[in-house]
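Visitor: Here you go, this is entry08.cif (mmCIF, C-alpha atoms).
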```
data_work
#
loop_
_atom_site.label_atom_id
_atom_site.label_comp_id
_atom_site.auth_asym_id
_atom_site.auth_seq_id
_atom_site.Cartn_x
_atom_site.Cartn_y
_atom_site.Cartn_z
CA MET Y 1 74.66 13.51 1.52
CA ARG Y 2 72.77 13.36 4.80
CA LYS Y 3 72.21 16.52 6.85
CA LEU Y 4 72.70 15.67 10.52
CA ALA Y 5 72.11 19.02 12.19
CA THR Y 6 72.06 22.77 11.84
CA ALA Y 7 72.50 25.57 14.34
CA GLN Y 8 72.27 29.34 14.11
CA THR Y 9 72.97 32.29 16.35
CA VAL Y 10 73.27 36.06 16.14
CA SER Y 11 76.12 37.58 18.11
CA THR Y 12 77.50 41.00 18.95
CA ALA Y 13 81.03 39.66 18.31
CA HIS Y 14 82.73 40.56 15.04
CA PRO Y 15 83.20 37.73 12.51
CA SER Y 16 86.95 37.91 13.13
CA ALA Y 17 86.34 36.82 16.74
CA PHE Y 18 84.77 33.59 15.51
CA PHE Y 19 87.63 32.95 13.11
CA ALA Y 20 90.15 33.62 15.87
CA ARG Y 21 88.48 30.97 18.01
CA TRP Y 22 88.23 28.46 15.16
CA ALA Y 23 91.90 29.03 14.33
CA ASP Y 24 92.93 28.48 17.97
CA MET Y 25 91.95 24.83 17.97
CA ALA Y 26 93.64 24.08 21.28
CA THR Y 27 90.84 26.11 22.93
CA TRP Y 28 87.97 24.24 21.25
CA PRO Y 29 87.26 22.14 24.39
CA GLU Y 30 86.39 25.40 26.19
CA TRP Y 31 83.20 25.76 24.11
CA ASN Y 32 82.79 22.36 22.40
CA THR Y 33 81.77 20.01 25.19
CA ASP Y 34 82.29 16.72 23.35
CA THR Y 35 85.88 17.51 22.31
CA ALA Y 36 88.79 16.34 24.47
CA TRP Y 37 91.48 18.02 22.33
CA VAL Y 38 92.30 19.22 18.81
CA ARG Y 39 95.68 19.51 17.12
CA LEU Y 40 96.25 21.41 13.89
CA ASP Y 41 99.38 20.44 11.94
CA GLY Y 42 100.54 23.92 10.96
CA PRO Y 43 98.77 27.21 10.33
CA PHE Y 44 95.00 27.62 9.99
CA VAL Y 45 94.79 27.67 6.19
CA GLU Y 46 92.74 25.90 3.55
CA GLY Y 47 94.16 22.39 3.11
CA ALA Y 48 95.60 22.19 6.64
CA THR Y 49 95.27 18.87 8.42
CA GLY Y 50 94.93 17.90 12.03
CA VAL Y 51 93.55 15.42 14.52
CA LEU Y 52 90.53 15.77 16.80
CA LYS Y 53 89.92 13.58 19.86
CA PRO Y 54 86.25 13.41 20.86
CA LYS Y 55 85.52 12.58 24.50
CA GLY Y 56 84.98 8.84 24.71
CA GLY Y 57 85.92 8.26 21.06
CA PRO Y 58 88.94 7.54 18.89
CA LYS Y 59 91.17 10.18 17.32
CA VAL Y 60 89.80 11.45 14.01
CA PRO Y 61 91.88 13.06 11.24
CA PHE Y 62 90.40 16.16 9.63
CA THR Y 63 91.16 18.67 6.88
CA VAL Y 64 90.34 22.36 6.62
CA ALA Y 65 88.47 21.88 3.34
CA LYS Y 66 87.54 25.53 2.80
CA LEU Y 67 88.61 28.73 4.48
CA VAL Y 68 87.39 32.16 3.44
CA PRO Y 69 88.41 34.45 6.33
CA GLY Y 70 85.47 36.37 7.71
CA ARG Y 71 83.01 34.26 5.71
CA GLU Y 72 83.40 30.44 5.78
CA PHE Y 73 85.28 27.68 7.57
CA THR Y 74 84.57 24.09 6.56
CA ASP Y 75 86.30 21.10 8.09
CA VAL Y 76 85.95 17.48 7.00
CA SER Y 77 86.67 14.52 9.28
CA ARG Y 78 87.52 11.19 7.73
CA LEU Y 79 85.64 8.30 9.29
CA LEU Y 80 85.78 4.70 8.16
CA GLY Y 81 83.56 4.70 5.07
CA ALA Y 82 82.27 8.24 5.56
CA ARG Y 83 83.08 11.93 5.68
CA LEU Y 84 81.70 14.17 8.44
CA THR Y 85 81.56 17.82 7.36
CA PHE Y 86 81.07 20.88 9.55
CA ARG Y 87 80.37 24.02 7.49
CA HIS Y 88 80.50 27.32 9.39
CA LEU Y 89 79.16 30.44 7.66
CA VAL Y 90 79.45 33.93 9.11
CA GLU Y 91 77.90 37.14 7.83
CA ARG Y 92 77.19 40.62 9.12
CA THR Y 93 73.57 41.54 9.70
CA GLU Y 94 71.95 44.83 8.72
CA GLN Y 95 71.75 45.62 12.43
CA GLY Y 96 75.54 45.29 12.80
CA GLY Y 97 75.62 41.88 14.46
CA THR Y 98 77.07 38.64 13.20
CA LEU Y 99 74.93 35.75 11.97
CA VAL Y 100 76.62 32.36 12.38
CA ASN Y 101 75.24 29.22 10.73
CA VAL Y 102 76.64 25.73 11.21
CA GLU Y 103 75.57 22.75 9.12
CA VAL Y 104 76.77 19.20 9.72
CA THR Y 105 76.54 16.63 6.94
CA LEU Y 106 77.61 13.05 6.51
CA ASP Y 107 78.27 11.21 3.28
CA GLY Y 108 79.83 7.97 2.13
CA PRO Y 109 78.89 4.30 1.99
CA LEU Y 110 78.76 3.96 5.79
CA ALA Y 111 76.95 7.27 6.42
CA ALA Y 112 73.85 5.53 7.81
CA LEU Y 113 75.97 3.61 10.31
CA TRP Y 114 77.81 6.76 11.43
CA ASN Y 115 74.50 8.61 11.69
CA ALA Y 116 73.30 5.91 14.09
CA ILE Y 117 76.53 6.25 16.12
CA LEU Y 118 77.05 10.03 16.07
CA GLY Y 119 73.89 11.71 14.83
CA LYS Y 120 71.94 11.93 18.08
CA ASP Y 121 74.85 13.46 20.03
CA ILE Y 122 75.70 15.94 17.28
CA ARG Y 123 72.07 17.05 17.02
CA ALA Y 124 71.80 17.34 20.81
CA GLY Y 125 74.95 19.42 21.27
CA LEU Y 126 75.41 21.55 18.17
CA GLN Y 127 73.26 24.55 19.17
CA GLN Y 128 74.61 24.58 22.72
CA ASP Y 129 78.20 24.47 21.46
CA LEU Y 130 77.52 27.31 19.02
CA ASP Y 131 75.93 29.38 21.80
CA ARG Y 132 79.00 28.77 24.01
CA LEU Y 133 81.28 29.76 21.11
CA ALA Y 134 79.32 32.99 20.64
CA ALA Y 135 79.56 33.80 24.36
CA THR Y 136 83.30 33.10 24.26
CA ALA Y 137 83.80 35.27 21.16
CA GLU Y 138 81.83 38.09 22.81
CA ALA Y 139 83.88 37.77 26.01
CA ASP Y 140 87.08 38.04 23.98
CA GLY Y 141 86.22 41.70 23.54
CA ALA Y 142 85.71 41.72 19.77
CA VAL Y 143 82.22 43.14 20.19
CA THR Y 144 80.55 45.32 17.61
CA ALA Y 145 79.21 48.76 18.39
CA ALA Y 146 75.51 48.85 19.19
#
```
Could the structure of this file be written out as structure tokens, please?
Guide:
Amino acid sequence: MRKLATAQTVSTAHPSAFFARWADMATWPEWNTDTAWVRLDGPFVEGATGVLKPKGGPKVPFTVAKLVPGREFTDVSRLLGARLTFRHLVERTEQGGTLVNVEVTLDGPLAALWNAILGKDIRAGLQQDLDRLAATAEADGAVTAA
């Protein structure tokens, strides 16, 4: 397995605000700049499937591989000869904020090829997208008490 990128932020938004945004996949393009659209085939539950359309790229099927509300959301996209995994972890801090970690990995026989195609853009945009997501979650009004 090849780690492509990681990002981390601390937010005043409650973990539920992040899960609300992840569940509302139609709004992903508001904070994820390289996504044209996302469609989830049914409710946001572990095992759910959908399709994501990156800007300038082909449609990609994905699965919600793991979902622990308030703690973890992992989605896996199926690429030709590889799997692209985004693991999102959320936890409360001692100060009452929310720590959000995102790790992107790639595995499979064509992982090196997909790293050459996608890796640079994912590394360049992951932190910025997470920061936009945090700002969006905070603006939604689900902000913790100081």
Visitor: So that I can see what lies close to stretch 14-18 of chain Y, please list as a list in words the residues with an atom at most 9 Å from it, counting all atoms listed in the file and leaving out residues fewer than 5 positions away in the same chain.
Guide: Ala23, Pro69, Gly70, Arg71, Val90, Glu91, Arg92, Gly96, Gly97, Thr98, Leu99, Val100, Leu133, Ala134, Thr136, Ala137, Glu138, Asp140, Gly141, Ala142, Val143 and Thr144 of chain Y
Visitor: Can you work out the spacing between atom CA of Y:Ala112 and atom CA of Y:Asn32 in Å, to one decimal?
Guide: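 One can read the atom CA of Y:Ala112 to atom CA of Y:Asn32 distance as 24.0 Å.
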Visitor: Evaluate the PyMOL selection byres ((chain Y and resi 104) around 10) here and jot the selected residues down as a VMD selection string.
Guide: chain Y and resid 2 to 7 74 to 76 84 to 88 102 to 103 105 to 106 119 122 to 123 126
Visitor: For this file, the PyMOL selection byres ((chain Y and resi 38-49) around 7) selects which residues, as a list in words?
Guide: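 When the PyMOL selection byres ((chain Y and resi 38-49) around 7) is applied, the selected residues are Ala23, Met25, Ala26, Trp37, Gly50, Val51, Leu52, Lys53, Phe62, Thr63, Val64, Ala65, Lys66 and Leu67 of chain Y.
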Visitor: Can you turn the PyMOL selection byres ((chain Y and resi 33) around 10) into a concrete residue list for this file, as a list in words?
Guide: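 On this input, the PyMOL selection byres ((chain Y and resi 33) around 10) captures Trp28, Pro29, Glu30, Trp31, Asn32, Asp34, Thr35, Ala36, Pro54, Lys55, Gly125, Leu126, Gln128, Asp129 and Arg132 of chain Y.
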Visitor: Could you please determine the separation between atom CA of Y:Gly57 and atom CA of Y:Phe73 in Å, to one decimal place?
Guide: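 Spanning atom CA of Y:Gly57 to atom CA of Y:Phe73 is a straight-line distance of 23.7 Å.
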Visitor: Nearest residue to Y:Gly56 out of Y:Val10, Y:Ala124, Y:Leu118, Y:Gln95, using all atoms listed in the file?
Guide: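 Closest candidate: Y:Leu118.
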Visitor: Which residues are near Y:Leu113? Cut-off 12 Å, all atoms listed in the file, ignore same chain within fewer than 2 positions. Put them as a PDB file with C-alpha atoms, in the coordinates of the input.
Guide:
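Full text of selection12.pdb as output:
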```pdb
ATOM      1  CA  ARG Y   2      72.770  13.360   4.800  1.00  0.00           C
ATOM      2  CA  LEU Y  79      85.640   8.300   9.290  1.00  0.00           C
ATOM      3  CA  LEU Y  80      85.780   4.700   8.160  1.00  0.00           C
ATOM      4  CA  GLY Y  81      83.560   4.700   5.070  1.00  0.00           C
ATOM      5  CA  ALA Y  82      82.270   8.240   5.560  1.00  0.00           C
ATOM      6  CA  ARG Y  83      83.080  11.930   5.680  1.00  0.00           C
ATOM      7  CA  LEU Y 106      77.610  13.050   6.510  1.00  0.00           C
ATOM      8  CA  ASP Y 107      78.270  11.210   3.280  1.00  0.00           C
ATOM      9  CA  GLY Y 108      79.830   7.970   2.130  1.00  0.00           C
ATOM     10  CA  PRO Y 109      78.890   4.300   1.990  1.00  0.00           C
ATOM     11  CA  LEU Y 110      78.760   3.960   5.790  1.00  0.00           C
ATOM     12  CA  ALA Y 111      76.950   7.270   6.420  1.00  0.00           C
ATOM     13  CA  ASN Y 115      74.500   8.610  11.690  1.00  0.00           C
ATOM     14  CA  ALA Y 116      73.300   5.910  14.090  1.00  0.00           C
ATOM     15  CA  ILE Y 117      76.530   6.250  16.120  1.00  0.00           C
ATOM     16  CA  LEU Y 118      77.050  10.030  16.070  1.00  0.00           C
ATOM     17  CA  GLY Y 119      73.890  11.710  14.830  1.00  0.00           C
TER      18      GLY Y 119
END
```
Visitor: Which residue out of Y:Asn101, Y:Thr93, Y:Ser77, Y:Gln127 has the minimum interatomic distance to Y:Thr12 when only C-alpha atoms are used?
Guide: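 Among Y:Asn101, Y:Thr93, Y:Ser77, Y:Gln127, it is Y:Thr93 that comes nearest to Y:Thr12.
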Visitor: In Å to one decimal, how far is atom CA of Y:Leu130 from atom CA of Y:Glu72?
Guide: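 Straight-line distance from atom CA of Y:Glu72 to atom CA of Y:Leu130 works out to 14.8 Å.
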Visitor: Measuring atom to atom with all atoms listed in the file, identify which of Y:Trp114, Y:Trp22, Y:Asp121, Y:Pro61 is nearest to Y:Leu89.
Guide: Y:Trp22
Visitor: Padding 8 Å on every side, please: axis-aligned box over the listed atoms of stretch 59-63 of chain Y, centre and edge lengths to one decimal in Å, as lines of an AutoDock Vina configuration file.
Guide:
```
center_x = 90.8
center_y = 14.4
center_z = 12.1
size_x = 18.1
size_y = 24.5
size_z = 26.4
```
Visitor: Please extract stretch 6-43 of chain Y and write it out with N, CA and C atoms, as a tab-separated table (two decimals), in the first residue's frame.
Guide:
```tsv
chain	number	residue	atom	x	y	z
Y	6	THR	N	-1.52	13.02	3.31
Y	6	THR	CA	-2.26	13.15	4.57
Y	6	THR	C	-2.56	14.63	4.78
Y	7	ALA	N	-3.63	14.88	5.51
Y	7	ALA	CA	-3.99	16.24	5.88
Y	7	ALA	C	-4.62	16.20	7.26
Y	8	GLN	N	-4.51	17.32	7.98
Y	8	GLN	CA	-5.04	17.38	9.33
Y	8	GLN	C	-5.49	18.81	9.62
Y	9	THR	N	-6.58	18.92	10.37
Y	9	THR	CA	-7.02	20.23	10.82
Y	9	THR	C	-7.73	20.08	12.15
Y	10	VAL	N	-7.78	21.17	12.91
Y	10	VAL	CA	-8.57	21.24	14.13
Y	10	VAL	C	-9.64	22.29	13.87
Y	11	SER	N	-10.87	21.93	14.21
Y	11	SER	CA	-12.02	22.78	13.91
Y	11	SER	C	-12.86	23.00	15.15
Y	12	THR	N	-13.62	24.09	15.14
Y	12	THR	CA	-14.59	24.33	16.21
Y	12	THR	C	-15.90	23.61	15.93
Y	13	ALA	N	-16.09	23.08	14.72
Y	13	ALA	CA	-17.32	22.36	14.38
Y	13	ALA	C	-17.34	21.01	15.08
Y	14	HIS	N	-18.52	20.58	15.43
Y	14	HIS	CA	-18.73	19.27	16.06
Y	14	HIS	C	-18.47	18.17	15.03
Y	15	PRO	N	-18.02	16.99	15.45
Y	15	PRO	CA	-17.83	15.89	14.49
Y	15	PRO	C	-19.06	15.61	13.64
Y	16	SER	N	-20.24	15.77	14.20
Y	16	SER	CA	-21.46	15.51	13.43
Y	16	SER	C	-21.58	16.43	12.22
Y	17	ALA	N	-20.99	17.64	12.30
Y	17	ALA	CA	-21.05	18.55	11.16
Y	17	ALA	C	-20.22	18.01	9.99
Y	18	PHE	N	-19.11	17.37	10.30
Y	18	PHE	CA	-18.30	16.76	9.24
Y	18	PHE	C	-19.03	15.58	8.61
Y	19	PHE	N	-19.66	14.76	9.45
Y	19	PHE	CA	-20.39	13.62	8.92
Y	19	PHE	C	-21.60	14.05	8.11
Y	20	ALA	N	-22.23	15.14	8.50
Y	20	ALA	CA	-23.36	15.66	7.72
Y	20	ALA	C	-22.90	16.08	6.34
Y	21	ARG	N	-21.75	16.71	6.26
Y	21	ARG	CA	-21.21	17.13	4.96
Y	21	ARG	C	-20.75	15.93	4.13
Y	22	TRP	N	-20.11	14.96	4.75
Y	22	TRP	CA	-19.70	13.77	4.00
Y	22	TRP	C	-20.92	13.01	3.49
Y	23	ALA	N	-21.98	12.95	4.29
Y	23	ALA	CA	-23.19	12.24	3.88
Y	23	ALA	C	-23.92	12.93	2.74
Y	24	ASP	N	-23.81	14.27	2.68
Y	24	ASP	CA	-24.48	15.05	1.65
Y	24	ASP	C	-23.54	15.20	0.45
Y	25	MET	N	-23.34	14.11	-0.24
Y	25	MET	CA	-22.32	14.06	-1.29
Y	25	MET	C	-22.58	15.01	-2.45
Y	26	ALA	N	-23.82	15.39	-2.67
Y	26	ALA	CA	-24.11	16.34	-3.73
Y	26	ALA	C	-23.43	17.69	-3.49
Y	27	THR	N	-23.09	17.99	-2.23
Y	27	THR	CA	-22.45	19.27	-1.91
Y	27	THR	C	-20.92	19.20	-1.89
Y	28	TRP	N	-20.36	18.01	-2.14
Y	28	TRP	CA	-18.90	17.89	-2.12
Y	28	TRP	C	-18.19	18.91	-3.01
Y	29	PRO	N	-18.70	19.20	-4.22
Y	29	PRO	CA	-17.99	20.18	-5.05
Y	29	PRO	C	-17.85	21.57	-4.42
Y	30	GLU	N	-18.66	21.87	-3.39
Y	30	GLU	CA	-18.55	23.15	-2.71
Y	30	GLU	C	-17.23	23.29	-1.96
Y	31	TRP	N	-16.66	22.18	-1.50
Y	31	TRP	CA	-15.41	22.26	-0.72
Y	31	TRP	C	-14.29	21.41	-1.33
Y	32	ASN	N	-14.62	20.51	-2.23
Y	32	ASN	CA	-13.62	19.66	-2.88
Y	32	ASN	C	-13.45	20.15	-4.31
Y	33	THR	N	-12.41	20.91	-4.55
Y	33	THR	CA	-12.27	21.65	-5.81
Y	33	THR	C	-12.04	20.78	-7.05
Y	34	ASP	N	-11.59	19.55	-6.89
Y	34	ASP	CA	-11.35	18.73	-8.09
Y	34	ASP	C	-12.51	17.79	-8.39
Y	35	THR	N	-13.65	17.95	-7.70
Y	35	THR	CA	-14.81	17.10	-7.90
Y	35	THR	C	-15.89	17.85	-8.66
Y	36	ALA	N	-16.33	17.27	-9.78
Y	36	ALA	CA	-17.42	17.87	-10.55
Y	36	ALA	C	-18.76	17.51	-9.92
Y	37	TRP	N	-18.96	16.24	-9.57
Y	37	TRP	CA	-20.18	15.80	-8.92
Y	37	TRP	C	-19.97	14.43	-8.27
Y	38	VAL	N	-20.86	14.11	-7.32
Y	38	VAL	CA	-20.85	12.81	-6.63
Y	38	VAL	C	-22.29	12.35	-6.49
Y	39	ARG	N	-22.51	11.07	-6.75
Y	39	ARG	CA	-23.84	10.49	-6.57
Y	39	ARG	C	-23.72	9.26	-5.68
Y	40	LEU	N	-24.50	9.23	-4.62
Y	40	LEU	CA	-24.55	8.07	-3.73
Y	40	LEU	C	-25.82	7.30	-4.05
Y	41	ASP	N	-25.70	5.99	-4.24
Y	41	ASP	CA	-26.84	5.15	-4.59
Y	41	ASP	C	-27.53	4.65	-3.33
Y	42	GLY	N	-28.26	5.53	-2.67
Y	42	GLY	CA	-28.96	5.15	-1.45
Y	42	GLY	C	-28.44	5.93	-0.27
Y	43	PRO	N	-28.76	5.45	0.94
Y	43	PRO	CA	-28.35	6.18	2.15
Y	43	PRO	C	-26.86	6.04	2.42
```
